[in-house]
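To start, the structure under review is shown below, and the notes come after it.
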Amino acid sequence: MKRSRLLSAVLGLAVLSSATLSAASAKTEGNIKKIKPKKTVTLDVYSQLANYSGLQTGWFADVMLEKFNVKINIIPETGGAYQTRMEAGNLGDIVVWGDNTDKYAQACKKGMLLDWEEKLDGKTKIIDAYGPYIKDNMKLALQKNKFMDSPDKKLHGYGFNVSTSASDLQSFFYTWDLRYDLYEKIGKPRIKDLYDLVDVLVKMKEICPTDDNGNPTYGLSLFNDWDGNMVMYVKSLATAYFGYDEFDFGLFDDSTGTFYDCLDKDGPYMYTLKFINKLNQKGLVDPDSMTQKYNGMSEDYQNGTAFWNIFNWMASGIYNSENHLAEGKAMYPVAPEEAQPIVYGQSVYGGNRLWTIGSQTAYPELCMAIINWFSTPEGYMTTLYGPRGVTWDIKDGKTYFTELGKLTSADSKTNMPAPYKGTFGDGSFQINNTTWCGDAYNPLTTDETYNKISWASEQAPASTPIEQAWRDWAGAATPDKYLQKTKYRVSPGTLYTGAGVPDDLSMKWNQVAECIRNETWKAIYAKTDAEFDTIVNGMIKDAKSYGYDECCAHTRKQAEKRWAAVKQARGEK
């Protein structure tokens, strides 16, 4: 019964979104004109998800200046930024959270975030006046934030990747991209499991020892910016291979409710850690991986320095430029037969990466209007693909790339025309969060989503011989259709909200996390199996001495709550 009511509510929201689109858009544009400052304002955007520091540049900076007369100053979560800003009593004008747990809860309790239902003039709530599109179209996401995410039960924002349907899946982003041109040259050998992949990458390096710039090639290039409780790529590889989702110091199986702690020697984290170490012993891991940042990794994949990555946006999304494709070079999905990549269900409640506004901002109305515009279909499309009419547009309910847009979509180094400055990549959206789920329905269209892979204009024959060769091998026209034939696992959207780290565990938690991160990297670079085992044994011993077992006991209780939420989402008892 509960599920039927929820689906009815969701369908109602979808209809409302379409019916009120024109009115809400008109109100949004009217509010922008009303709130646009006469003198240029610089807004600080503290984003825990950003990989960039400083003023937003390029075409998006031009869009924001022209539309809102603002400059955006990005402040990433580096060097203890959170603690520093909390102590200063000002998180920023717009605040983007990496998750909705302890740090977010602390900011709520200390009054660091604006209440979106605050009546600025004594009569009108700020969201009513300056966030009309959000209010009308993201009702369940707003309710989740107020009643579940926020300990003070105030409305401070909403979570990313909001969907218009609870029954749809997101597209795959654990796509197992591999240099397909090299795979062809070595005879397309069978890849049953991860260790078959080792042999494939060894052979690729033998026939392609240098990249576009003459530097040594590797199977894999990593970075350390996004490491948290564990090393990001190790746990993500476990997610891509076993289909288990990250959960504190381990992984959670949405099909059984099982929690696998990361220090279990027979568990998924240790399995993928051992595999990456095996790659390193074969000379297949970029030696700069432990010290380089996201941008360094990106350059490696742009230049063909590394041959394989589980993430499409790290691999094919960067490597498959117009020049590489013209040369018959490309990265496409080639998943091991035993891989069970996770795919996430869409959520009408949004995810855990939150859009909020700092309580100390001098420009609350302006910040609200900006987040509201990001949440409109045109605003969200702009953050993804560039300015409407310049790189993309919609005609007769169908989305299409302009001739320039085809180039910018294929190669971020494409120059933007005047009055915009620099390349398309120079102007990429540096806040690094989303509003709508990319696979959600776009009400500007008749039946398409925001994701370009759904557009009728993108359903075309292979544009190059290398793409056709991959299609023939995969028996599929797109990566999603290929991955739908794998043993993929679904992680549904639920109402579960993590409890965060309890205050009495905070110090132990941080020590455990630092131990696991540091020792995992050492284990990756171990030169022998014996050295690897020594490092892992030391990591387990040290982590347990810091309180690892207590941390996992807390997580196992949370796993029970998450499992209950999963079953509720699936309509099970």
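Chain labels follow the order of the structure tokens: the first chain is A, the next B, and so on; residue numbering restarts at 1 in every chain, and ligands are counted from 1 in their shown order.
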**OP:** Run DSSP on the backbone and grab whatever in stretch 299-480 of chain A lands in strand (DSSP E or B); send it over as a PyMOL selection string.
**Re:** chain A and resi 306+308-311+331-333+342-345+347+354-358+388+392-395+398-401+415+423+436+441+449
Selection from above, C-alpha atoms, as a CSV table (one decimal), in the first residue's frame, can you write it?
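Wrote out36.csv, looks like this:
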chain,number,residue,atom,x,y,z
A,306,ALA,CA,46.9,4.3,-19.5
A,308,TRP,CA,42.1,0.8,-18.8
A,309,ASN,CA,39.7,2.3,-16.3
A,310,ILE,CA,36.4,1.2,-14.7
A,311,PHE,CA,34.9,4.7,-15.0
A,331,MET,CA,38.4,3.2,-25.4
A,332,TYR,CA,35.2,1.1,-25.2
A,333,PRO,CA,33.7,-1.2,-22.6
A,342,ILE,CA,26.6,-2.0,-10.0
A,343,VAL,CA,23.9,0.3,-11.6
A,344,TYR,CA,22.0,2.7,-9.4
A,345,GLY,CA,18.3,3.1,-9.3
A,347,SER,CA,15.6,8.4,-6.7
A,354,LEU,CA,23.6,18.3,-1.0
A,355,TRP,CA,23.0,21.8,-2.4
A,356,THR,CA,22.7,24.4,0.4
A,357,ILE,CA,23.3,28.1,1.2
A,358,GLY,CA,25.5,29.4,4.0
A,388,ARG,CA,21.8,26.6,-25.4
A,392,TRP,CA,22.9,22.3,-28.1
A,393,ASP,CA,19.3,23.1,-28.7
A,394,ILE,CA,15.8,21.5,-28.9
A,395,LYS,CA,13.5,21.4,-31.9
A,398,LYS,CA,14.1,16.6,-29.6
A,399,THR,CA,17.5,17.5,-28.4
A,400,TYR,CA,20.5,17.9,-30.7
A,401,PHE,CA,24.1,19.1,-30.7
A,415,ASN,CA,37.8,26.3,-28.7
A,423,THR,CA,38.3,25.9,-24.8
A,436,TRP,CA,18.7,16.3,-11.8
A,441,TYR,CA,13.1,12.9,-18.1
A,449,THR,CA,16.3,12.4,-20.8
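Within 12 Å of A:Trp226, once only C-alpha atoms are used and residues closer than 3 positions along the same chain are dropped, the contacting residues are Gln48, Leu49, Ala50, Asn51, Pro76, Glu77, Thr78, Gly98, Leu222, Phe223, Asn229, Met230, Val231, Met232, Tyr233, Val234, Lys235, Ser236, Met290, Gln292, Lys293, Tyr294 and Arg517 of chain A.
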Subject >> Contact residues around stretch 108-119 of chain A with only C-alpha atoms at 8 Å, ignoring same-chain residues under 4 positions, as JSON, numbers by chain >> reply: {"A": [86, 89, 90, 91, 104, 123, 124, 125, 126, 127, 128, 150, 151, 152, 154, 155, 156, 157, 356, 357, 358, 359, 360, 364]}
Requested write-out: C-alpha atoms of the selected residues, as an mmCIF file, in the first residue's frame:
data_model
loop_
_atom_site.group_PDB
_atom_site.id
_atom_site.type_symbol
_atom_site.label_atom_id
_atom_site.label_comp_id
_atom_site.auth_asym_id
_atom_site.auth_seq_id
_atom_site.Cartn_x
_atom_site.Cartn_y
_atom_site.Cartn_z
ATOM 1 C CA MET A 86 33.510 26.231 10.593
ATOM 2 C CA GLY A 89 31.746 30.897 11.340
ATOM 3 C CA ASN A 90 31.201 31.136 7.580
ATOM 4 C CA LEU A 91 31.112 28.160 5.232
ATOM 5 C CA TYR A 104 26.525 18.368 7.399
ATOM 6 C CA LYS A 123 5.911 37.224 4.701
ATOM 7 C CA THR A 124 7.486 35.219 1.868
ATOM 8 C CA LYS A 125 9.715 32.166 2.216
ATOM 9 C CA ILE A 126 12.971 32.451 0.279
ATOM 10 C CA ILE A 127 12.261 29.226 -1.638
ATOM 11 C CA ASP A 128 8.801 30.499 -2.629
ATOM 12 C CA SER A 150 18.611 17.749 8.761
ATOM 13 C CA PRO A 151 18.856 17.173 12.532
ATOM 14 C CA ASP A 152 17.244 20.564 13.199
ATOM 15 C CA LYS A 154 14.732 22.741 8.885
ATOM 16 C CA LEU A 155 14.853 22.851 5.089
ATOM 17 C CA HIS A 156 18.425 23.575 4.052
ATOM 18 C CA GLY A 157 18.486 22.242 0.484
ATOM 19 C CA THR A 356 22.737 24.366 0.442
ATOM 20 C CA ILE A 357 23.323 28.059 1.212
ATOM 21 C CA GLY A 358 25.532 29.432 3.966
ATOM 22 C CA SER A 359 23.664 31.277 6.720
ATOM 23 C CA GLN A 360 26.165 34.139 6.700
ATOM 24 C CA PRO A 364 20.682 34.736 0.128
#
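Taking atom CA of A:Thr408 and atom CA of A:Thr391 as endpoints, the distance between them is 7.5 Å.
Between atom CA of A:Asn323 and atom CA of A:Glu184 the interatomic distance comes to 19.1 Å.
Distance-wise, atom CA of A:Pro465 and atom CA of A:Gln484 end up 23.4 Å apart.
Near A:Asp549, within a cut-off of 10 Å and counting only C-alpha atoms, sit the residues A:Asp261, A:Val512, A:Ala543, A:Lys544, A:His554, A:Thr555, with same-chain residues fewer than 5 positions away left out.
If you measure from each of A:Ser428, A:Ser171, A:Asn224, A:Asn137 to A:Ile453 using only C-alpha atoms, the closest one turns out to be A:Ser171.
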